[in-house]
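Below is one structure; the comments refer to it alone.
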Amino acid sequence: MMRSTMNTKAKKWERAAAVLLAILLWQLCATALGNRLLLASPAAVFQRLCQLSAEKEFYASVLFSFRRIVTGFLLGILGGTLLAVPASRFRWAEILLWPYLTIVKTTPVVSFIILCMIWLEAKNLSVFISFLMVLPIIYTNMLEGIRRRDKKLLEMGQVFRLPPLRRLLFLSLPQLKPYLLSACSLSLGLSWKAGIAAEVIAIPTGSMGERLYEAKLYLSSADLFAWTVVLIAMSILFEKLFLWLIHGLYGRLERF
Amino acid sequence: MDIIVSNLCKSYDGKAVLTDFNATFPAGKTTCLLGRSGCGKTTLLHILMGLVKADSGEISGIPRKISAVFQENRLCTGLSVGRNAALACPGRLSPLEIIAHLEEVGLAGKELLHRPIDTLSGGMQRRIAIIRAVLAEGDLLLLDEPFQGLDPRTRLQTMAYLQAHTRNKTLIMVTHSREEAELMGGSYIEMQ
């Protein structure tokens, strides 16, 4: 136990050192190039980030994108799980779903973004795109998890005539935990990347994607880097928060 | 109501496990099933549980509410001891009530209540499986070698617990030990 805590601490320090080294390398490259348009230095990006965070519009943009991407992500979890249930039970359902999910998995995200721009309002595009990216990952993992549930435990529930809700909460959900956690970890970052890509292409007013697009348009690499830093921070923070919530909910379920 | 099994047959891949098996299990009494390995004791329990379909024969008098201790513990890994013990209980139980049951089978209840079930030894897990069956309040208890893996002292303690909490209930217990069958009281059937 103590060794594992020490290992975790050591890993954190190692990672922090690697990040510092990367920033140092970035600073060296920026100094060597000597052109703010081509590559802004970390100091310039930090300065710009401080300026941005003093603006009201900054928070509005972050909230705009956050709400939509998170909605798409949560819908993806719900949709993937709901589709995995009949697919695990009926072979015909799995076969019927197969072409759609294979298309979603293999088609480049840009193709979907351009196609969906015709059907959807720009402001809602990121919801749909992040939903699409999350859906097949959750579906595949949950399908595998449902199929690999311990049959003997399910039989036990049958013999004791456990009510459906109790079977779901105490027999199925704990067994699905590793599959759900791994699917969420995989798809969280992806939903942010795809959602922002959709915003950069569709340019909905007031979004983080629009701010990134403007940065590119005005050749402001400091802005581009600053918004990218915000994007990474939001993605990591949401991932931590979401996984913490999932662990918390499971903890309540597992304890008496 | 007595449970009556008539002319029960079951075979797996052409190999007969039960052939024209007949038995009466009196209501509210304990009946032990004895016999060598592979004579169909567990198969009979599984048929009574509704997990396996008999090839032919009839069974009557099976109540709706069944409790069971399986050959394996079949506990939910990841869940705490308390959650597992109360899993099949129809009502809500307080932690103190669960602790009392744990202590009756020789487990330090307060310390164990919130511990994940997979951190317990085999014998401890066995006792949790027995508590789960008792708390399920079934009218019929089907027990497949319930005391396996328990040391003699704990075995006696757990037997006393089981007897105290299953008075006037129908018990059908599979065992290899005639001594266990005698200690549990009631009648026994030698399966061939």
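Ordered as shown in the structure tokens, chains take letters A, B, and onward, while each chain numbers its residues from 1 and ligands are numbered from 1 in the order shown.
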Exercise answer, chain B residues close to chain A, 8 Å and only C-alpha atoms, as a PDB file with all heavy atoms, in the first residue's frame:
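Saved as part_11.pdb:
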```
ATOM      1  N   MET B  49     -34.573 -25.493  -7.908  1.00  0.00           N
ATOM      2  CA  MET B  49     -34.387 -24.026  -7.986  1.00  0.00           C
ATOM      3  C   MET B  49     -34.973 -23.452  -9.267  1.00  0.00           C
ATOM      4  O   MET B  49     -35.146 -22.246  -9.388  1.00  0.00           O
ATOM      5  CB  MET B  49     -32.891 -23.684  -7.972  1.00  0.00           C
ATOM      6  CG  MET B  49     -32.219 -23.808  -6.641  1.00  0.00           C
ATOM      7  SD  MET B  49     -30.432 -23.561  -6.879  1.00  0.00           S
ATOM      8  CE  MET B  49     -29.805 -24.111  -5.311  1.00  0.00           C
ATOM      9  N   GLY B  50     -35.198 -24.305 -10.240  1.00  0.00           N
ATOM     10  CA  GLY B  50     -35.713 -23.832 -11.533  1.00  0.00           C
ATOM     11  C   GLY B  50     -34.609 -23.445 -12.496  1.00  0.00           C
ATOM     12  O   GLY B  50     -34.863 -22.806 -13.513  1.00  0.00           O
ATOM     13  N   LEU B  51     -33.373 -23.815 -12.179  1.00  0.00           N
ATOM     14  CA  LEU B  51     -32.249 -23.462 -13.054  1.00  0.00           C
ATOM     15  C   LEU B  51     -32.035 -24.497 -14.149  1.00  0.00           C
ATOM     16  O   LEU B  51     -31.483 -24.202 -15.201  1.00  0.00           O
ATOM     17  CB  LEU B  51     -30.949 -23.328 -12.241  1.00  0.00           C
ATOM     18  CG  LEU B  51     -30.903 -22.211 -11.214  1.00  0.00           C
ATOM     19  CD1 LEU B  51     -29.596 -22.248 -10.449  1.00  0.00           C
ATOM     20  CD2 LEU B  51     -31.070 -20.860 -11.894  1.00  0.00           C
ATOM     21  N   LYS B  65     -41.262 -18.355  -2.708  1.00  0.00           N
ATOM     22  CA  LYS B  65     -40.042 -17.734  -2.159  1.00  0.00           C
ATOM     23  C   LYS B  65     -39.003 -18.803  -1.810  1.00  0.00           C
ATOM     24  O   LYS B  65     -39.216 -19.596  -0.889  1.00  0.00           O
ATOM     25  CB  LYS B  65     -40.385 -16.905  -0.911  1.00  0.00           C
ATOM     26  CG  LYS B  65     -41.026 -15.562  -1.274  1.00  0.00           C
ATOM     27  CD  LYS B  65     -41.523 -14.863  -0.051  1.00  0.00           C
ATOM     28  CE  LYS B  65     -40.379 -14.246   0.716  1.00  0.00           C
ATOM     29  NZ  LYS B  65     -40.864 -13.597   1.959  1.00  0.00           N
ATOM     30  N   ILE B  66     -37.902 -18.789  -2.561  1.00  0.00           N
ATOM     31  CA  ILE B  66     -36.835 -19.774  -2.331  1.00  0.00           C
ATOM     32  C   ILE B  66     -35.566 -19.039  -1.907  1.00  0.00           C
ATOM     33  O   ILE B  66     -35.237 -17.986  -2.443  1.00  0.00           O
ATOM     34  CB  ILE B  66     -36.566 -20.574  -3.632  1.00  0.00           C
ATOM     35  CG1 ILE B  66     -37.801 -21.391  -4.041  1.00  0.00           C
ATOM     36  CG2 ILE B  66     -35.369 -21.508  -3.464  1.00  0.00           C
ATOM     37  CD1 ILE B  66     -37.647 -22.139  -5.352  1.00  0.00           C
ATOM     38  N   SER B  67     -34.858 -19.624  -0.954  1.00  0.00           N
ATOM     39  CA  SER B  67     -33.521 -19.135  -0.591  1.00  0.00           C
ATOM     40  C   SER B  67     -32.528 -20.232  -0.940  1.00  0.00           C
ATOM     41  O   SER B  67     -32.915 -21.402  -0.950  1.00  0.00           O
ATOM     42  CB  SER B  67     -33.414 -18.879   0.904  1.00  0.00           C
ATOM     43  OG  SER B  67     -34.234 -17.822   1.280  1.00  0.00           O
ATOM     44  N   ALA B  68     -31.305 -19.860  -1.178  1.00  0.00           N
ATOM     45  CA  ALA B  68     -30.339 -20.900  -1.551  1.00  0.00           C
ATOM     46  C   ALA B  68     -28.929 -20.565  -1.095  1.00  0.00           C
ATOM     47  O   ALA B  68     -28.544 -19.397  -1.025  1.00  0.00           O
ATOM     48  CB  ALA B  68     -30.357 -21.092  -3.063  1.00  0.00           C
ATOM     49  N   ARG B  74     -21.202 -17.526  -4.857  1.00  0.00           N
ATOM     50  CA  ARG B  74     -21.990 -16.622  -5.726  1.00  0.00           C
ATOM     51  C   ARG B  74     -22.282 -15.295  -5.032  1.00  0.00           C
ATOM     52  O   ARG B  74     -23.428 -14.844  -4.967  1.00  0.00           O
ATOM     53  CB  ARG B  74     -23.282 -17.278  -6.198  1.00  0.00           C
ATOM     54  CG  ARG B  74     -23.021 -18.559  -6.965  1.00  0.00           C
ATOM     55  CD  ARG B  74     -24.195 -18.958  -7.818  1.00  0.00           C
ATOM     56  NE  ARG B  74     -23.967 -20.295  -8.392  1.00  0.00           N
ATOM     57  CZ  ARG B  74     -24.695 -20.847  -9.333  1.00  0.00           C
ATOM     58  NH1 ARG B  74     -25.707 -20.197  -9.848  1.00  0.00           N
ATOM     59  NH2 ARG B  74     -24.436 -22.038  -9.806  1.00  0.00           N
ATOM     60  N   LEU B  75     -21.222 -14.679  -4.500  1.00  0.00           N
ATOM     61  CA  LEU B  75     -21.359 -13.368  -3.872  1.00  0.00           C
ATOM     62  C   LEU B  75     -20.946 -12.308  -4.891  1.00  0.00           C
ATOM     63  O   LEU B  75     -20.215 -12.617  -5.834  1.00  0.00           O
ATOM     64  CB  LEU B  75     -20.473 -13.286  -2.628  1.00  0.00           C
ATOM     65  CG  LEU B  75     -20.878 -14.230  -1.493  1.00  0.00           C
ATOM     66  CD1 LEU B  75     -19.754 -14.351  -0.476  1.00  0.00           C
ATOM     67  CD2 LEU B  75     -22.155 -13.770  -0.817  1.00  0.00           C
ATOM     68  N   CYS B  76     -21.419 -11.095  -4.693  1.00  0.00           N
ATOM     69  CA  CYS B  76     -21.143 -10.038  -5.670  1.00  0.00           C
ATOM     70  C   CYS B  76     -19.816  -9.367  -5.334  1.00  0.00           C
ATOM     71  O   CYS B  76     -19.747  -8.582  -4.376  1.00  0.00           O
ATOM     72  CB  CYS B  76     -22.247  -8.997  -5.663  1.00  0.00           C
ATOM     73  SG  CYS B  76     -23.850  -9.720  -5.907  1.00  0.00           S
ATOM     74  N   THR B  77     -18.798  -9.648  -6.108  1.00  0.00           N
ATOM     75  CA  THR B  77     -17.497  -9.038  -5.856  1.00  0.00           C
ATOM     76  C   THR B  77     -17.626  -7.533  -6.099  1.00  0.00           C
ATOM     77  O   THR B  77     -18.341  -7.108  -6.986  1.00  0.00           O
ATOM     78  CB  THR B  77     -16.409  -9.609  -6.780  1.00  0.00           C
ATOM     79  OG1 THR B  77     -16.934  -9.641  -8.095  1.00  0.00           O
ATOM     80  CG2 THR B  77     -15.984 -10.994  -6.389  1.00  0.00           C
ATOM     81  N   GLY B  78     -16.921  -6.781  -5.291  1.00  0.00           N
ATOM     82  CA  GLY B  78     -17.025  -5.324  -5.418  1.00  0.00           C
ATOM     83  C   GLY B  78     -17.976  -4.759  -4.384  1.00  0.00           C
ATOM     84  O   GLY B  78     -17.754  -3.680  -3.859  1.00  0.00           O
ATOM     85  N   LEU B  79     -19.022  -5.509  -4.055  1.00  0.00           N
ATOM     86  CA  LEU B  79     -19.965  -5.017  -3.051  1.00  0.00           C
ATOM     87  C   LEU B  79     -19.446  -5.347  -1.656  1.00  0.00           C
ATOM     88  O   LEU B  79     -18.687  -6.295  -1.473  1.00  0.00           O
ATOM     89  CB  LEU B  79     -21.344  -5.646  -3.234  1.00  0.00           C
ATOM     90  CG  LEU B  79     -22.121  -5.364  -4.520  1.00  0.00           C
ATOM     91  CD1 LEU B  79     -23.547  -5.876  -4.387  1.00  0.00           C
ATOM     92  CD2 LEU B  79     -22.137  -3.898  -4.875  1.00  0.00           C
ATOM     93  N   SER B  80     -19.913  -4.568  -0.689  1.00  0.00           N
ATOM     94  CA  SER B  80     -19.453  -4.785   0.689  1.00  0.00           C
ATOM     95  C   SER B  80     -20.128  -6.023   1.287  1.00  0.00           C
ATOM     96  O   SER B  80     -21.091  -6.550   0.724  1.00  0.00           O
ATOM     97  CB  SER B  80     -19.795  -3.566   1.534  1.00  0.00           C
ATOM     98  OG  SER B  80     -21.193  -3.450   1.603  1.00  0.00           O
ATOM     99  N   VAL B  81     -19.622  -6.426   2.444  1.00  0.00           N
ATOM    100  CA  VAL B  81     -20.187  -7.567   3.171  1.00  0.00           C
ATOM    101  C   VAL B  81     -21.664  -7.312   3.481  1.00  0.00           C
ATOM    102  O   VAL B  81     -22.527  -8.163   3.238  1.00  0.00           O
ATOM    103  CB  VAL B  81     -19.387  -7.798   4.474  1.00  0.00           C
ATOM    104  CG1 VAL B  81     -20.098  -8.749   5.401  1.00  0.00           C
ATOM    105  CG2 VAL B  81     -17.988  -8.309   4.145  1.00  0.00           C
ATOM    106  N   GLY B  82     -21.955  -6.105   3.986  1.00  0.00           N
ATOM    107  CA  GLY B  82     -23.335  -5.760   4.353  1.00  0.00           C
ATOM    108  C   GLY B  82     -24.270  -5.824   3.158  1.00  0.00           C
ATOM    109  O   GLY B  82     -25.376  -6.361   3.256  1.00  0.00           O
ATOM    110  N   ARG B  83     -23.836  -5.270   2.031  1.00  0.00           N
ATOM    111  CA  ARG B  83     -24.665  -5.280   0.815  1.00  0.00           C
ATOM    112  C   ARG B  83     -24.945  -6.712   0.363  1.00  0.00           C
ATOM    113  O   ARG B  83     -26.063  -7.038  -0.019  1.00  0.00           O
ATOM    114  CB  ARG B  83     -23.954  -4.557  -0.325  1.00  0.00           C
ATOM    115  CG  ARG B  83     -24.213  -3.097  -0.362  1.00  0.00           C
ATOM    116  CD  ARG B  83     -25.428  -2.753  -1.239  1.00  0.00           C
ATOM    117  NE  ARG B  83     -25.516  -1.313  -1.389  1.00  0.00           N
ATOM    118  CZ  ARG B  83     -26.368  -0.539  -0.722  1.00  0.00           C
ATOM    119  NH1 ARG B  83     -27.240  -1.061   0.122  1.00  0.00           N
ATOM    120  NH2 ARG B  83     -26.373   0.757  -0.908  1.00  0.00           N
ATOM    121  N   LEU B  87     -28.609  -8.578   0.359  1.00  0.00           N
ATOM    122  CA  LEU B  87     -28.992  -8.487  -1.060  1.00  0.00           C
ATOM    123  C   LEU B  87     -30.402  -9.007  -1.343  1.00  0.00           C
ATOM    124  O   LEU B  87     -31.169  -8.390  -2.071  1.00  0.00           O
ATOM    125  CB  LEU B  87     -27.981  -9.276  -1.918  1.00  0.00           C
ATOM    126  CG  LEU B  87     -28.194  -9.152  -3.414  1.00  0.00           C
ATOM    127  CD1 LEU B  87     -27.741  -7.798  -3.922  1.00  0.00           C
ATOM    128  CD2 LEU B  87     -27.440 -10.239  -4.163  1.00  0.00           C
ATOM    129  N   ALA B  88     -30.736 -10.153  -0.764  1.00  0.00           N
ATOM    130  CA  ALA B  88     -32.021 -10.769  -1.105  1.00  0.00           C
ATOM    131  C   ALA B  88     -33.081 -10.537  -0.031  1.00  0.00           C
ATOM    132  O   ALA B  88     -34.172 -11.098  -0.118  1.00  0.00           O
ATOM    133  CB  ALA B  88     -31.812 -12.261  -1.317  1.00  0.00           C
ATOM    134  N   PRO B  95     -27.878  -1.468   9.837  1.00  0.00           N
ATOM    135  CA  PRO B  95     -26.539  -2.041  10.006  1.00  0.00           C
ATOM    136  C   PRO B  95     -26.433  -2.896  11.265  1.00  0.00           C
ATOM    137  O   PRO B  95     -25.799  -3.935  11.266  1.00  0.00           O
ATOM    138  CB  PRO B  95     -25.630  -0.810  10.096  1.00  0.00           C
ATOM    139  CG  PRO B  95     -26.377   0.256   9.397  1.00  0.00           C
ATOM    140  CD  PRO B  95     -27.820  -0.021   9.610  1.00  0.00           C
ATOM    141  N   LEU B 113     -18.642  -5.073   8.172  1.00  0.00           N
ATOM    142  CA  LEU B 113     -19.833  -4.595   7.462  1.00  0.00           C
ATOM    143  C   LEU B 113     -19.527  -3.887   6.145  1.00  0.00           C
ATOM    144  O   LEU B 113     -20.171  -4.143   5.136  1.00  0.00           O
ATOM    145  CB  LEU B 113     -20.628  -3.680   8.386  1.00  0.00           C
ATOM    146  CG  LEU B 113     -22.049  -3.381   7.952  1.00  0.00           C
ATOM    147  CD1 LEU B 113     -22.908  -4.627   7.981  1.00  0.00           C
ATOM    148  CD2 LEU B 113     -22.666  -2.311   8.833  1.00  0.00           C
ATOM    149  N   HIS B 114     -18.551  -2.992   6.162  1.00  0.00           N
ATOM    150  CA  HIS B 114     -18.283  -2.184   4.962  1.00  0.00           C
ATOM    151  C   HIS B 114     -17.124  -2.723   4.122  1.00  0.00           C
ATOM    152  O   HIS B 114     -16.750  -2.100   3.137  1.00  0.00           O
ATOM    153  CB  HIS B 114     -17.998  -0.730   5.360  1.00  0.00           C
ATOM    154  CG  HIS B 114     -19.149  -0.120   6.088  1.00  0.00           C
ATOM    155  ND1 HIS B 114     -20.345   0.134   5.462  1.00  0.00           N
ATOM    156  CD2 HIS B 114     -19.295   0.251   7.374  1.00  0.00           C
ATOM    157  CE1 HIS B 114     -21.183   0.648   6.354  1.00  0.00           C
ATOM    158  NE2 HIS B 114     -20.572   0.728   7.522  1.00  0.00           N
ATOM    159  N   ARG B 115     -16.556  -3.840   4.550  1.00  0.00           N
ATOM    160  CA  ARG B 115     -15.397  -4.359   3.805  1.00  0.00           C
ATOM    161  C   ARG B 115     -15.822  -4.997   2.494  1.00  0.00           C
ATOM    162  O   ARG B 115     -16.843  -5.675   2.443  1.00  0.00           O
ATOM    163  CB  ARG B 115     -14.665  -5.405   4.667  1.00  0.00           C
ATOM    164  CG  ARG B 115     -13.243  -4.948   4.990  1.00  0.00           C
ATOM    165  CD  ARG B 115     -12.603  -5.803   5.986  1.00  0.00           C
ATOM    166  NE  ARG B 115     -12.079  -7.023   5.387  1.00  0.00           N
ATOM    167  CZ  ARG B 115     -11.410  -7.938   6.075  1.00  0.00           C
ATOM    168  NH1 ARG B 115     -11.212  -7.766   7.363  1.00  0.00           N
ATOM    169  NH2 ARG B 115     -10.949  -9.012   5.501  1.00  0.00           N
ATOM    170  N   PRO B 116     -15.046  -4.803   1.408  1.00  0.00           N
ATOM    171  CA  PRO B 116     -15.395  -5.486   0.155  1.00  0.00           C
ATOM    172  C   PRO B 116     -15.355  -6.999   0.356  1.00  0.00           C
ATOM    173  O   PRO B 116     -14.447  -7.507   1.010  1.00  0.00           O
ATOM    174  CB  PRO B 116     -14.298  -5.047  -0.827  1.00  0.00           C
ATOM    175  CG  PRO B 116     -13.672  -3.847  -0.201  1.00  0.00           C
ATOM    176  CD  PRO B 116     -13.837  -3.987   1.281  1.00  0.00           C
ATOM    177  N   ALA B 136     -33.011 -13.787   3.277  1.00  0.00           N
ATOM    178  CA  ALA B 136     -33.926 -13.735   2.123  1.00  0.00           C
ATOM    179  C   ALA B 136     -35.333 -14.190   2.513  1.00  0.00           C
ATOM    180  O   ALA B 136     -36.280 -13.964   1.771  1.00  0.00           O
ATOM    181  CB  ALA B 136     -33.394 -14.604   0.997  1.00  0.00           C
TER     182      ALA B 136
END
```
Task: Residues within 9 Å of A:Val70, only C-alpha atoms, excluding chain neighbours under 3 positions, as a list in words - done: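 My reading of the contact set: Ser65, Phe66, Arg67, Phe73, Leu74, Leu75, Val127, Ser130, Phe131, Leu188, Ser191, Trp192 and Phe238 of chain A.
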- [ ] Just the residues within 12 Å of A:Ala215, please, counting only C-alpha atoms, with nothing from its chain fewer than 2 positions along; format it as an MDAnalysis selection string.
- [x] chainID A and resid 37 48 200 208:213 217:228
DSSP says strand (DSSP E) for which residues of chain B? Put them as a PDB file with C-alpha atoms, in the first residue's frame?
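selection.pdb written:
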```pdb
ATOM      1  CA  ILE B   3     -42.642 -31.025  -1.880  1.00  0.00           C
ATOM      2  CA  ILE B   4     -43.252 -34.157  -3.912  1.00  0.00           C
ATOM      3  CA  VAL B   5     -40.867 -35.273  -6.623  1.00  0.00           C
ATOM      4  CA  SER B   6     -42.127 -38.061  -8.868  1.00  0.00           C
ATOM      5  CA  ASN B   7     -40.314 -40.056 -11.537  1.00  0.00           C
ATOM      6  CA  LEU B   8     -37.744 -37.356 -12.150  1.00  0.00           C
ATOM      7  CA  CYS B   9     -35.279 -38.048 -14.955  1.00  0.00           C
ATOM      8  CA  LYS B  10     -32.349 -35.971 -16.098  1.00  0.00           C
ATOM      9  CA  SER B  11     -29.427 -36.830 -18.306  1.00  0.00           C
ATOM     10  CA  TYR B  12     -26.518 -34.817 -19.675  1.00  0.00           C
ATOM     11  CA  LYS B  15     -25.488 -39.924 -19.414  1.00  0.00           C
ATOM     12  CA  ALA B  16     -28.319 -40.410 -16.924  1.00  0.00           C
ATOM     13  CA  VAL B  17     -27.849 -38.413 -13.724  1.00  0.00           C
ATOM     14  CA  LEU B  18     -31.304 -38.921 -12.266  1.00  0.00           C
ATOM     15  CA  THR B  19     -33.451 -41.929 -13.216  1.00  0.00           C
ATOM     16  CA  ASP B  20     -37.042 -42.151 -11.993  1.00  0.00           C
ATOM     17  CA  PHE B  21     -36.155 -40.310  -8.794  1.00  0.00           C
ATOM     18  CA  ASN B  22     -38.966 -40.129  -6.246  1.00  0.00           C
ATOM     19  CA  ALA B  23     -38.942 -38.301  -2.933  1.00  0.00           C
ATOM     20  CA  THR B  24     -41.133 -36.381  -0.534  1.00  0.00           C
ATOM     21  CA  PHE B  25     -39.706 -33.432   1.324  1.00  0.00           C
ATOM     22  CA  THR B  30     -35.091 -30.629   7.181  1.00  0.00           C
ATOM     23  CA  THR B  31     -34.173 -33.277   4.634  1.00  0.00           C
ATOM     24  CA  CYS B  32     -30.553 -34.064   3.848  1.00  0.00           C
ATOM     25  CA  LEU B  33     -29.457 -35.549   0.551  1.00  0.00           C
ATOM     26  CA  LEU B  34     -26.511 -37.886   0.903  1.00  0.00           C
ATOM     27  CA  SER B  56     -39.367 -35.907 -17.443  1.00  0.00           C
ATOM     28  CA  GLY B  57     -41.142 -36.270 -14.122  1.00  0.00           C
ATOM     29  CA  GLU B  58     -43.173 -34.025 -11.876  1.00  0.00           C
ATOM     30  CA  ILE B  59     -42.538 -31.739  -8.941  1.00  0.00           C
ATOM     31  CA  SER B  60     -45.256 -30.221  -6.800  1.00  0.00           C
ATOM     32  CA  ILE B  66     -36.835 -19.774  -2.331  1.00  0.00           C
ATOM     33  CA  SER B  67     -33.521 -19.135  -0.591  1.00  0.00           C
ATOM     34  CA  ALA B  68     -30.339 -20.900  -1.551  1.00  0.00           C
ATOM     35  CA  VAL B  69     -26.737 -21.510  -0.660  1.00  0.00           C
ATOM     36  CA  LEU B 140     -37.832 -23.248   1.126  1.00  0.00           C
ATOM     37  CA  LEU B 141     -34.055 -23.265   1.671  1.00  0.00           C
ATOM     38  CA  LEU B 142     -31.950 -25.239  -0.768  1.00  0.00           C
ATOM     39  CA  LEU B 143     -28.451 -25.717   0.608  1.00  0.00           C
ATOM     40  CA  ASP B 144     -25.647 -27.267  -1.400  1.00  0.00           C
ATOM     41  CA  THR B 170     -38.486 -26.525   4.590  1.00  0.00           C
ATOM     42  CA  LEU B 171     -34.778 -27.235   4.250  1.00  0.00           C
ATOM     43  CA  ILE B 172     -33.214 -29.482   1.634  1.00  0.00           C
ATOM     44  CA  MET B 173     -29.499 -29.842   2.216  1.00  0.00           C
ATOM     45  CA  VAL B 174     -26.887 -31.629   0.152  1.00  0.00           C
ATOM     46  CA  SER B 187     -34.602 -37.066   7.769  1.00  0.00           C
ATOM     47  CA  TYR B 188     -32.132 -37.986   5.059  1.00  0.00           C
ATOM     48  CA  ILE B 189     -32.235 -39.585   1.652  1.00  0.00           C
ATOM     49  CA  GLU B 190     -29.391 -41.723   0.319  1.00  0.00           C
TER      50      GLU B 190
END
```
Open item on the list: Under the rule that only C-alpha atoms are counted, which of B:Gln148, B:Ser37, B:Thr175, B:Thr158 is the nearest residue to B:Val134?
Closed with: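 Closest residue, counting only C-alpha atoms: B:Thr158.
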- [ ] Record the distance separating atom CA of A:Leu52 and atom CA of A:Pro204, expressed in Å with one decimal.
- [x]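 Computing it gives 19.2 Å between the two atoms.
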